[in-house]
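Visitor: My structure is in my_file22.pdb, and what it holds is PDB, C-alpha atoms and all ligand atoms:
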ATOM      1  CA  MET A  11       2.743 123.273  64.296
ATOM      2  CA  THR A  12       1.412 119.780  64.602
ATOM      3  CA  THR A  13      -2.147 119.344  65.714
ATOM      4  CA  THR A  14      -2.817 116.500  68.071
ATOM      5  CA  GLN A  15      -5.533 114.012  67.271
ATOM      6  CA  THR A  16      -7.262 111.998  69.943
ATOM      7  CA  TRP A  17      -9.244 108.798  70.200
ATOM      8  CA  CYS A  18     -10.424 106.799  73.154
ATOM      9  CA  THR A  19     -11.742 103.330  73.686
ATOM     10  CA  GLU A  20     -12.448 100.888  76.470
ATOM     11  CA  THR A  21     -11.260  97.286  76.742
ATOM     12  CA  VAL A  22     -13.090  94.737  78.882
ATOM     13  CA  SER A  23     -10.246  92.242  79.373
ATOM     14  CA  SER A  24      -6.496  91.883  78.994
ATOM     15  CA  ALA A  25      -7.163  89.772  75.874
ATOM     16  CA  VAL A  26      -9.028  92.686  74.276
ATOM     17  CA  THR A  27      -6.179  95.075  75.142
ATOM     18  CA  GLU A  28      -3.743  92.614  73.538
ATOM     19  CA  GLN A  29      -5.871  92.306  70.400
ATOM     20  CA  LEU A  30      -6.088  96.071  70.076
ATOM     21  CA  ALA A  31      -2.320  96.392  70.477
ATOM     22  CA  GLU A  32      -1.796  93.589  67.953
ATOM     23  CA  THR A  33      -3.716  95.607  65.346
ATOM     24  CA  ILE A  34      -1.415  98.560  66.014
ATOM     25  CA  GLY A  35       1.575  96.196  65.785
ATOM     26  CA  LEU A  36       0.445  95.124  62.313
ATOM     27  CA  ASN A  37       0.409  98.785  61.246
ATOM     28  CA  LEU A  38       4.005  99.495  62.321
ATOM     29  CA  LYS A  39       6.367 100.581  59.554
ATOM     30  CA  GLY A  40       9.386 101.469  61.679
ATOM     31  CA  GLY A  41      10.480 104.729  63.249
ATOM     32  CA  GLU A  42       7.442 105.157  65.503
ATOM     33  CA  VAL A  43       7.643 106.017  69.193
ATOM     34  CA  ILE A  44       4.835 104.867  71.488
ATOM     35  CA  GLU A  45       4.616 106.019  75.079
ATOM     36  CA  LEU A  46       2.409 104.076  77.502
ATOM     37  CA  VAL A  47       1.229 105.880  80.621
ATOM     38  CA  SER A  48      -0.586 104.253  83.537
ATOM     39  CA  ASP A  49      -0.318 103.241  87.158
ATOM     40  CA  LEU A  50       1.294  99.928  88.042
ATOM     41  CA  GLY A  51      -0.942  97.115  86.755
ATOM     42  CA  GLY A  52      -2.649  99.402  84.264
ATOM     43  CA  GLY A  53      -1.826  97.145  81.340
ATOM     44  CA  LYS A  54       1.249  98.667  79.678
ATOM     45  CA  THR A  55       3.205  95.419  79.462
ATOM     46  CA  THR A  56       0.035  93.588  78.393
ATOM     47  CA  PHE A  57      -0.253  96.127  75.575
ATOM     48  CA  VAL A  58       3.370  95.547  74.515
ATOM     49  CA  ARG A  59       2.665  91.786  74.393
ATOM     50  CA  GLY A  60       0.010  92.362  71.713
ATOM     51  CA  LEU A  61       2.124  94.972  69.954
ATOM     52  CA  ALA A  62       5.066  92.552  69.622
ATOM     53  CA  LYS A  63       2.755  89.829  68.312
ATOM     54  CA  GLY A  64       1.354  92.101  65.594
ATOM     55  CA  PHE A  65       4.855  93.324  64.821
ATOM     56  CA  GLY A  66       5.803  89.732  64.049
ATOM     57  CA  SER A  67       7.840  88.653  67.043
ATOM     58  CA  ALA A  68       7.261  85.247  68.575
ATOM     59  CA  ASP A  69       9.321  86.166  71.648
ATOM     60  CA  ARG A  70       7.772  86.173  75.079
ATOM     61  CA  VAL A  71       7.135  89.686  76.356
ATOM     62  CA  ALA A  72       7.692  90.254  80.045
ATOM     63  CA  SER A  73       8.297  93.355  82.037
ATOM     64  CA  PRO A  74      11.913  94.417  81.416
ATOM     65  CA  THR A  75      12.030  96.199  84.761
ATOM     66  CA  PHE A  76      15.377  94.755  85.743
ATOM     67  CA  THR A  77      17.046  95.044  82.358
ATOM     68  CA  ILE A  78      15.334  98.307  81.318
ATOM     69  CA  SER A  79      15.271  97.428  77.635
ATOM     70  CA  LYS A  80      14.421  94.460  75.443
ATOM     71  CA  ILE A  81      14.541  94.044  71.686
ATOM     72  CA  TYR A  82      12.074  92.020  69.605
ATOM     73  CA  LYS A  83      13.158  91.358  66.037
ATOM     74  CA  ASP A  84      11.363  90.678  62.795
ATOM     75  CA  LYS A  85      13.610  90.453  59.704
ATOM     76  CA  GLN A  86      15.342  93.855  59.364
ATOM     77  CA  ARG A  87      13.107  95.593  61.871
ATOM     78  CA  GLU A  88      13.373  95.935  65.613
ATOM     79  CA  LEU A  89      10.889  96.736  68.338
ATOM     80  CA  HIS A  90      12.645  98.243  71.362
ATOM     81  CA  HIS A  91      10.772  97.974  74.647
ATOM     82  CA  PHE A  92      11.966 100.254  77.458
ATOM     83  CA  ASP A  93      10.689 100.238  81.029
ATOM     84  CA  PHE A  94      12.072 102.992  83.251
ATOM     85  CA  TYR A  95      10.120 102.000  86.349
ATOM     86  CA  ARG A  96      11.822 103.240  89.509
ATOM     87  CA  LEU A  97      14.705 104.815  87.603
ATOM     88  CA  GLN A  98      15.525 108.181  89.176
ATOM     89  CA  THR A  99      17.862 109.284  86.405
ATOM     90  CA  ALA A 100      18.077 107.728  82.967
ATOM     91  CA  GLY A 101      21.853 108.189  82.581
ATOM     92  CA  LEU A 102      23.504 106.133  79.837
ATOM     93  CA  ILE A 103      20.312 104.370  78.865
ATOM     94  CA  SER A 104      18.944 107.677  77.588
ATOM     95  CA  HIS A 105      21.734 107.667  74.965
ATOM     96  CA  GLU A 106      20.647 104.207  73.858
ATOM     97  CA  LEU A 107      17.077 105.465  73.707
ATOM     98  CA  ALA A 108      18.063 108.572  71.706
ATOM     99  CA  GLU A 109      19.863 106.374  69.167
ATOM    100  CA  VAL A 110      16.981 104.015  68.539
ATOM    101  CA  VAL A 111      14.473 106.876  68.453
ATOM    102  CA  ASP A 112      16.440 108.257  65.487
ATOM    103  CA  ASP A 113      16.624 104.919  63.679
ATOM    104  CA  PRO A 114      13.886 104.533  61.034
ATOM    105  CA  ALA A 115      14.188 100.732  61.253
ATOM    106  CA  CYS A 116      13.295 100.753  64.939
ATOM    107  CA  THR A 117       9.995 101.178  66.682
ATOM    108  CA  VAL A 118      10.253 102.241  70.299
ATOM    109  CA  VAL A 119       7.700 101.554  73.025
ATOM    110  CA  VAL A 120       8.250 103.070  76.459
ATOM    111  CA  GLU A 121       6.784 102.395  79.906
ATOM    112  CA  TRP A 122       7.348 104.943  82.721
ATOM    113  CA  GLY A 123       8.907 107.437  80.285
ATOM    114  CA  GLU A 124       8.737 110.503  82.542
ATOM    115  CA  VAL A 125      12.447 110.267  83.350
ATOM    116  CA  VAL A 126      13.334 110.404  79.623
ATOM    117  CA  LYS A 127      10.699 112.888  78.475
ATOM    118  CA  ASP A 128      13.400 115.158  77.033
ATOM    119  CA  VAL A 129      14.540 112.343  74.741
ATOM    120  CA  LEU A 130      11.087 111.329  73.509
ATOM    121  CA  PRO A 131      10.094 113.072  70.272
ATOM    122  CA  THR A 132       6.998 115.268  70.430
ATOM    123  CA  GLU A 133       5.712 113.335  67.408
ATOM    124  CA  ARG A 134       4.771 110.176  69.222
ATOM    125  CA  LEU A 135       1.705 108.127  70.012
ATOM    126  CA  THR A 136       0.840 108.500  73.687
ATOM    127  CA  ILE A 137      -1.637 106.081  75.211
ATOM    128  CA  LYS A 138      -2.933 106.777  78.699
ATOM    129  CA  ILE A 139      -4.480 103.732  80.299
ATOM    130  CA  SER A 140      -6.794 104.053  83.297
ATOM    131  CA  ARG A 141      -8.354 101.283  85.293
ATOM    132  CA  THR A 142     -12.128 101.653  85.249
ATOM    133  CA  ASP A 143     -12.873  98.266  86.834
ATOM    134  CA  GLU A 144     -11.051  95.033  87.707
ATOM    135  CA  ASP A 145     -10.931  93.942  84.049
ATOM    136  CA  SER A 146     -11.794  97.189  82.273
ATOM    137  CA  ARG A 147      -9.421  99.836  81.064
ATOM    138  CA  SER A 148     -10.003 103.081  79.289
ATOM    139  CA  LEU A 149      -7.352 103.937  76.702
ATOM    140  CA  ASP A 150      -6.810 107.537  75.640
ATOM    141  CA  PHE A 151      -4.776 108.009  72.478
ATOM    142  CA  SER A 152      -3.102 111.227  71.388
ATOM    143  CA  TYR A 153      -0.944 111.452  68.284
ATOM    144  CA  PRO A 154       0.025 113.720  65.405
ATOM    145  CA  ALA A 155      -1.848 113.240  62.100
ATOM    146  CA  LYS A 156       1.227 111.656  60.502
ATOM    147  CA  LEU A 157       0.875 108.694  62.890
ATOM    148  CA  SER A 158      -2.842 108.168  62.285
ATOM    149  CA  TYR A 159      -2.038 105.077  60.160
ATOM    150  CA  LEU A 160      -1.218 103.308  63.438
ATOM    151  CA  LEU A 161      -4.920 103.288  64.335
ATOM    152  CA  GLU A 162      -6.080 101.813  61.025
ATOM    153  CA  GLY A 163      -8.480  98.944  61.639
ATOM    154  CA  LEU A 164      -9.311 100.070  65.176
ATOM    155  CA  LYS A 165     -12.051 102.631  64.731
ATOM    156  CA  LYS A 166     -15.406 101.102  64.046
TER     157      LYS A 166
HETATM  158  P1  LIG A 201       1.746  97.503  83.759
HETATM  159  O1  LIG A 201       2.810  97.117  82.768
HETATM  160  O2  LIG A 201       1.013  98.778  83.372
HETATM  161  O3  LIG A 201       2.253  97.574  85.166
HETATM  162  P2  LIG A 201       0.674  94.850  83.289
HETATM  163  O4  LIG A 201       0.327  94.741  81.846
HETATM  164  O5  LIG A 201       1.940  94.218  83.748
HETATM  165  O6  LIG A 201       0.595  96.398  83.720
HETATM  166  O7  LIG A 201      -0.496  94.244  84.169
HETATM  167  C1  LIG A 201      -1.852  94.517  83.900
HETATM  168  C2  LIG A 201      -2.675  93.539  84.729
HETATM  169  O8  LIG A 201      -4.054  93.879  84.629
HETATM  170  C3  LIG A 201      -2.529  92.116  84.208
HETATM  171  O9  LIG A 201      -2.588  91.227  85.296
HETATM  172  C4  LIG A 201      -3.748  91.960  83.318
HETATM  173  O10 LIG A 201      -4.174  90.627  83.179
HETATM  174  C5  LIG A 201      -4.769  92.780  84.093
HETATM  175  N1  LIG A 201      -5.880  93.305  83.285
HETATM  176  C6  LIG A 201      -7.179  93.169  83.599
HETATM  177  N2  LIG A 201      -7.965  93.759  82.683
HETATM  178  C7  LIG A 201      -7.145  94.294  81.764
HETATM  179  C8  LIG A 201      -7.377  95.046  80.568
HETATM  180  N3  LIG A 201      -8.613  95.376  80.136
HETATM  181  N4  LIG A 201      -6.301  95.446  79.857
HETATM  182  C9  LIG A 201      -5.052  95.153  80.283
HETATM  183  N5  LIG A 201      -4.753  94.442  81.397
HETATM  184  C10 LIG A 201      -5.802  94.015  82.145
HETATM  185 MG    MG A 202       4.895  97.019  82.906
END
Please express the file's structure as structure tokens.
Guide:
Amino acid sequence: MTTTQTWCTETVSSAVTEQLAETIGLNLKGGEVIELVSDLGGGKTTFVRGLAKGFGSADRVASPTFTISKIYKDKQRELHHFDFYRLQTAGLISHELAEVVDDPACTVVVEWGEVVKDVLPTERLTIKISRTDEDSRSLDFSYPAKLSYLLEGLKK
């Protein structure tokens, strides 16, 4: 049995969300799965932008809606960004997802992951983002204890 830990915070701008995600990106070792849950415009892709920066990628992060997945590289490691928006069935892409989820050199971050929930490991960091105001978002984290290192440097 894994017990789920929780933490929540509020960000007051997209820059603050990016900074927070960058801190998590710096903590990545490889093998983690991060699921981002929100409505459209909640800030999932904004979060991935900061995550990729902290991870060490200089690549531009945009919404991969039309390509479904994008890979950001840093030396031997890879950050795989999936966006399943509007996908009714995951089909072949779920095999690609299953492969990278099992690869300890890869970190996986997923937007709109409902359609692949059977492929996502239960041991993942889930962040639910809700819009509290035009520029404010509340972020609810849930994660198993073994992933608590991802939040190092965040809690004050
Ligand atoms: P999603 O991927 O969830 O659809 P995006 O990251 O593409 O969302 O868009 C989020 C939008 O909300 C951006 O225009 C961003 O500038 C804006 N925004 C405003 N405040 C925040 C905040 N606190 N955190 C994240 N994004 C914010
Ligand atoms: Mg997005």
Visitor: Taking only C-alpha atoms and all ligand atoms into account, which residues are within 6 Å of ligand MG 202 (chain A), as a PyMOL selection string?
Guide: chain A and resi 54-55+73
Visitor: List the residues sitting within 12 Å of (4.5, 108.7, 82.5) in the file's frame, using all atoms listed in the file, as a ChimeraX atom specification.
Guide: /A:44-50,52,54,93-96,120-127,130,136-139
Visitor: At a cut-off of 12 Å, using only C-alpha atoms, what residues contact Val110 in chain A? Leave out same-chain residues fewer than 2 positions from it and give the result as an NGL selection string.
Guide: :A and (40-43 or 79 or 81 or 87-92 or 103-108 or 112-120 or 129-131)
Visitor: Counting all atoms listed in the file, which residues sit no farther than 10 Å from the position (-12.6, 97.9, 67.3) in the file's frame? I'd like them as a CSV table (one decimal) with C-alpha atoms, in the coordinates of the input.
Guide:
chain,number,residue,atom,x,y,z
A,19,THR,CA,-11.7,103.3,73.7
A,20,GLU,CA,-12.4,100.9,76.5
A,21,THR,CA,-11.3,97.3,76.7
A,26,VAL,CA,-9.0,92.7,74.3
A,29,GLN,CA,-5.9,92.3,70.4
A,30,LEU,CA,-6.1,96.1,70.1
A,33,THR,CA,-3.7,95.6,65.3
A,161,LEU,CA,-4.9,103.3,64.3
A,162,GLU,CA,-6.1,101.8,61.0
A,163,GLY,CA,-8.5,98.9,61.6
A,164,LEU,CA,-9.3,100.1,65.2
A,165,LYS,CA,-12.1,102.6,64.7
A,166,LYS,CA,-15.4,101.1,64.0
Visitor: Adding 5 Å on each side of the box along x, y and z that holds all listed atoms of ligand LIG 201 (chain A), could you give its centre and edge lengths in Å to one decimal, as JSON?
Guide:
{"center_x": -2.9, "center_y": 94.7, "center_z": 82.6, "size_x": 21.4, "size_y": 18.2, "size_z": 15.4}
Visitor: Distance CA of Thr56 in chain A-CA of Lys39 in chain A, one decimal place?
Guide: 21.1 Å
Visitor: Evaluating the PyMOL selection byres (((chain A and resi 58) around 9) and not hetatm) on the displayed file yields which residues, as a VMD selection string?
Guide: chain A and resid 28 31 to 32 35 53 to 57 59 to 63 71 to 72 91 119
Visitor: Taking all atoms listed in the file into account, name the residue in A:Val22, A:Asp128, A:Asn37, A:Arg70 that is nearest to Ala100 in chain A.
Guide: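 Among A:Val22, A:Asp128, A:Asn37, A:Arg70, it is A:Asp128 that comes nearest to Ala100 in chain A.
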Visitor: Taking all atoms listed in the file into account, name the residue in A:Leu97, A:Thr16, A:Thr27, A:Gly66 that is nearest to Tyr82 in chain A.
Guide: A:Gly66
Visitor: Between CA of Arg147 in chain A and atom N3 of ligand LIG 201 (chain A), what is the spacing in Å?
Guide: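 Atom-to-atom, atom N3 of ligand LIG 201 (chain A) and CA of Arg147 in chain A are spaced 4.6 Å apart.
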Visitor: Applying the PyMOL selection byres (((chain A and resi 155) around 8) and not hetatm) to the file I just gave you, which residues come out? Please list them as a PDB file with C-alpha atoms, keeping the file's coordinate frame.
Guide:
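Output (selection-v5.pdb):
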ATOM      1  CA  THR A  12       1.412 119.780  64.602  1.00  0.00           C
ATOM      2  CA  THR A  13      -2.147 119.344  65.714  1.00  0.00           C
ATOM      3  CA  THR A  14      -2.817 116.500  68.071  1.00  0.00           C
ATOM      4  CA  GLN A  15      -5.533 114.012  67.271  1.00  0.00           C
ATOM      5  CA  TYR A 153      -0.944 111.452  68.284  1.00  0.00           C
ATOM      6  CA  PRO A 154       0.025 113.720  65.405  1.00  0.00           C
ATOM      7  CA  LYS A 156       1.227 111.656  60.502  1.00  0.00           C
ATOM      8  CA  LEU A 157       0.875 108.694  62.890  1.00  0.00           C
ATOM      9  CA  SER A 158      -2.842 108.168  62.285  1.00  0.00           C
TER      10      SER A 158
END
Visitor: For CA of Ser24 in chain A and atom O4 of ligand LIG 201 (chain A), quote the distance in Å rounded to one decimal.
Guide: 7.9 Å
Visitor: Find the residue from A:Asp150, A:Ala68, A:Tyr159, A:Glu109 that sits nearest to Lys83 in chain A; use all atoms listed in the file when measuring.
Guide: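 Under the stated criterion, the closest residue is A:Ala68.
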Visitor: Closest to ligand LIG 201 (chain A) among A:Ser152, A:Ser23, A:Thr99, A:Ser67, using all atoms listed in the file?
Guide: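 For ligand LIG 201 (chain A), the nearest of the candidates is A:Ser23.
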